[in-house]
Every structure is written in structure tokens, then in C-alpha cells.
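Take a look at the structure below.
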Amino acid sequence: SARIMIVGEAPGATEDELGKPFVGRSGQLLIRLFGEIGISRDEIYIANVLKCRPPENRDPLPLEIKKCGAFLASQIEFVNPVVIVPVGNFATRYVLQTKEGITKLRGKSFNIGNTIVIPTVHPAFVLRNGKRAEADMLADIQTIKK
């Protein structure tokens with residue numbers, strides 16, 4: 001029954017180990033930024049395009065995305081969120097069915113049926129790129145609250 005659904009790429013090492021999405025450093029950053037705008041973890045449903053971690057944390061293969069896509073589509077249908085927030089390139093490209101990259105799409109609103117899609121950068125990108133990237137992600141998240 002969450003109004004907001006975050007869609008990531010695939011589980012990282014910590015997520016794979018614990019069997020929960022976004023519980024490592026990236027997830028902690030994501031939840032902290034949502035908390036800064038008054039949205040708690042309990043109000044968010046988190047899923048990934050892939051349900052298991054690719055070997056050696058490589059990029060997902062098109063066949064893997066295609067095979068796991070049915071599971072994500074079922075999750076989206078079941079949760080029926082008001083807003084979907086794909087984070088990073090793979091999730092954004094899957095959810096919006098586009099070849100455009102996250103740099104061009106982040107922070108913009110797209111309507112898919114009754115759902116609004118607002119892509120943002122992946123929190124791992126923010127962890128690697130510092131305060132400027134964090135400010136950009138926070139701006140995208142503030143758009144979500146509106």
C-alpha cells in the first residue's frame with residue numbers, strides 16, 4: 001500500500017547477503033534523504049529490476065532484465081504506487097522503456113497510466129561523487145514530495 005516505490009538495478013553484496021533491498025550504504029543514504037523531506041522508510045516500497053546480484057557485480061544483461069521484468073511488473077501492479085522512483089540508468093530505462101540515460105531524465109516527471117515516474121541518480125553514484133551529486137538527488141526527491 002506504499003504511495004512511493006523505489007526501483008533499483010539489482011541487489012548489492014549487503015542486500016544479497018541479507019535478502020532485503022537497499023540496506024547497505026546506498027540504501028542508508030537514500031532513506032536519509034527521504035527522511036530529510038519527511039518521508040519515512042515505512043512509507044516506501046523498495047524493489048529491484050533484478051532479484052539477484054549479477055556475478056562480480058557486473059551490469060545486468062538484457063536477458064536477465066527481460067526474465068526478471070515480469071516479477072517487477074507484478075510488484076508494481078500489486079503495490080500500485082502513486083510515484084515510482086527508478087534510481088540509476090538500468091532501472092530508469094526499464095521503467096520508462098527508453099534508451100535515454102539518467103543524466104537527461106533525472107528529476108523530470110513522466111506519467112505512465114495513473115502513476116508518476118520521477119527518475120533520479122543511484123545513491124552509489126552520490127557516494128562516489130560527493131555533495132554536488134547529493135544536492136542533485138535531494139532536489140529530485142523534493143520533486144517527489146510535491
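Chain lettering (A, B, ...) mirrors the order of the C-alpha cells, residue numbering begins at 1 for each chain separately, and ligand numbering begins at 1 in order of display.
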Could you pull out all residues of range 96-142 of chain A with a DSSP call of strand (DSSP E or B) and give them as a VMD selection string?
chain A and resid 110 to 112 115 to 117 120
Can you tell me, as number ranges by chain, what residues are no more than 7 Å from Cys52 in chain A when counting only C-alpha atoms, ignoring any on the same chain fewer than 2 positions away?
A: 10-11, 16, 50, 54
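Checking A:Arg128, A:Gln142, A:Asn111, A:Thr103 one by one against Ile39 in chain A, counting only C-alpha atoms, you find the shortest gap at A:Gln142.
The environment of Ala139 in chain A within 10 Å, counting only C-alpha atoms and disregarding residues fewer than 3 places along the same chain, consists of Leu33, Arg106, Gly107, Thr120, Ala133, Glu134, Ala135, Asp136, Gln142, Thr143 and Ile144 of chain A.
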Can you pull out every residue from chain A that DSSP, working from the backbone, puts in alpha helix (DSSP H), and format the result as a PyMOL selection string?
chain A and resi 13-18+25-36+62-79+89-96+102-105+123-129+131-145
Expected file: the selected residues, C-alpha atoms, as an mmCIF file, in the first residue's frame:
data_model
loop_
_atom_site.group_PDB
_atom_site.id
_atom_site.type_symbol
_atom_site.label_atom_id
_atom_site.label_comp_id
_atom_site.auth_asym_id
_atom_site.auth_seq_id
_atom_site.Cartn_x
_atom_site.Cartn_y
_atom_site.Cartn_z
ATOM 1 C CA ALA A 13 26.581 -7.537 -1.686
ATOM 2 C CA THR A 14 24.927 -6.492 1.589
ATOM 3 C CA GLU A 15 21.445 -6.732 0.086
ATOM 4 C CA ASP A 16 22.182 -10.152 -1.378
ATOM 5 C CA GLU A 17 23.506 -11.334 1.991
ATOM 6 C CA LEU A 18 20.500 -10.034 3.973
ATOM 7 C CA ARG A 25 25.423 2.273 2.350
ATOM 8 C CA SER A 26 23.418 3.268 -0.748
ATOM 9 C CA GLY A 27 20.157 2.380 0.952
ATOM 10 C CA GLN A 28 21.089 4.254 4.103
ATOM 11 C CA LEU A 29 21.801 7.383 2.047
ATOM 12 C CA LEU A 30 18.542 7.006 0.134
ATOM 13 C CA ILE A 31 16.460 6.607 3.285
ATOM 14 C CA ARG A 32 18.265 9.532 4.960
ATOM 15 C CA LEU A 33 17.476 11.831 2.008
ATOM 16 C CA PHE A 34 13.820 10.796 2.002
ATOM 17 C CA GLY A 35 13.792 11.391 5.750
ATOM 18 C CA GLU A 36 15.058 14.937 5.179
ATOM 19 C CA PRO A 62 19.418 -7.758 -21.410
ATOM 20 C CA LEU A 63 18.202 -11.348 -20.990
ATOM 21 C CA GLU A 64 18.396 -11.056 -17.187
ATOM 22 C CA ILE A 65 16.405 -7.821 -17.285
ATOM 23 C CA LYS A 66 13.806 -9.421 -19.559
ATOM 24 C CA LYS A 67 13.432 -12.521 -17.367
ATOM 25 C CA CYS A 68 13.168 -10.565 -14.094
ATOM 26 C CA GLY A 69 10.925 -7.871 -15.581
ATOM 27 C CA ALA A 70 7.770 -9.914 -15.074
ATOM 28 C CA PHE A 71 8.424 -10.066 -11.326
ATOM 29 C CA LEU A 72 8.908 -6.304 -11.109
ATOM 30 C CA ALA A 73 5.804 -5.667 -13.234
ATOM 31 C CA SER A 74 3.819 -7.811 -10.777
ATOM 32 C CA GLN A 75 5.230 -5.884 -7.821
ATOM 33 C CA ILE A 76 4.297 -2.559 -9.432
ATOM 34 C CA GLU A 77 0.785 -3.800 -10.162
ATOM 35 C CA PHE A 78 0.351 -5.155 -6.625
ATOM 36 C CA VAL A 79 1.706 -2.072 -4.817
ATOM 37 C CA ASN A 89 20.301 4.019 -15.621
ATOM 38 C CA PHE A 90 19.104 0.419 -15.661
ATOM 39 C CA ALA A 91 16.028 0.976 -13.517
ATOM 40 C CA THR A 92 15.111 4.179 -15.352
ATOM 41 C CA ARG A 93 15.495 2.599 -18.772
ATOM 42 C CA TYR A 94 13.404 -0.383 -17.703
ATOM 43 C CA VAL A 95 10.581 1.558 -16.046
ATOM 44 C CA LEU A 96 10.325 4.188 -18.801
ATOM 45 C CA ILE A 102 19.639 9.074 -16.293
ATOM 46 C CA THR A 103 21.561 12.320 -16.866
ATOM 47 C CA LYS A 104 18.885 13.566 -19.288
ATOM 48 C CA LEU A 105 15.901 12.159 -17.386
ATOM 49 C CA PRO A 123 22.752 6.548 -4.408
ATOM 50 C CA ALA A 124 26.003 4.672 -5.171
ATOM 51 C CA PHE A 125 26.735 7.428 -7.715
ATOM 52 C CA VAL A 126 26.158 10.010 -4.982
ATOM 53 C CA LEU A 127 28.509 8.168 -2.607
ATOM 54 C CA ARG A 128 31.227 8.260 -5.278
ATOM 55 C CA ASN A 129 30.636 11.880 -6.356
ATOM 56 C CA LYS A 131 27.992 16.829 -2.088
ATOM 57 C CA ARG A 132 27.032 18.162 -5.542
ATOM 58 C CA ALA A 133 25.560 14.789 -6.546
ATOM 59 C CA GLU A 134 23.807 14.562 -3.170
ATOM 60 C CA ALA A 135 22.274 18.023 -3.661
ATOM 61 C CA ASP A 136 21.009 16.974 -7.121
ATOM 62 C CA MET A 137 19.473 13.794 -5.729
ATOM 63 C CA LEU A 138 17.843 15.683 -2.873
ATOM 64 C CA ALA A 139 16.342 18.134 -5.394
ATOM 65 C CA ASP A 140 14.889 15.179 -7.326
ATOM 66 C CA ILE A 141 13.473 13.713 -4.107
ATOM 67 C CA GLN A 142 11.891 17.058 -3.203
ATOM 68 C CA THR A 143 10.091 16.915 -6.585
ATOM 69 C CA ILE A 144 8.691 13.556 -5.489
ATOM 70 C CA LYS A 145 7.181 15.056 -2.356
#
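Using only C-alpha atoms for every distance, the candidate list A:Ile37, A:Ala2, A:Ala47, A:Leu61 yields A:Ala47 as the residue closest to Phe22 in chain A.
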Interatomic distance, CA of Ile112 in chain A to CA of Gly88 in chain A (Å, one decimal):
18.4 Å
8 Å contact set for Ile44 in chain A, only C-alpha atoms, chain neighbours under 5 positions out, as a list in words
Ala2, Arg3, Ile4, Met5 and Ile6 of chain A
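You will find CA of Gly24 in chain A at 27.5 Å from CA of Glu100 in chain A.
Counting only C-alpha atoms and comparing A:Thr98, A:Thr115, A:Asn57, A:Asn48, the residue that lies closest to Asn80 in chain A is A:Thr115.
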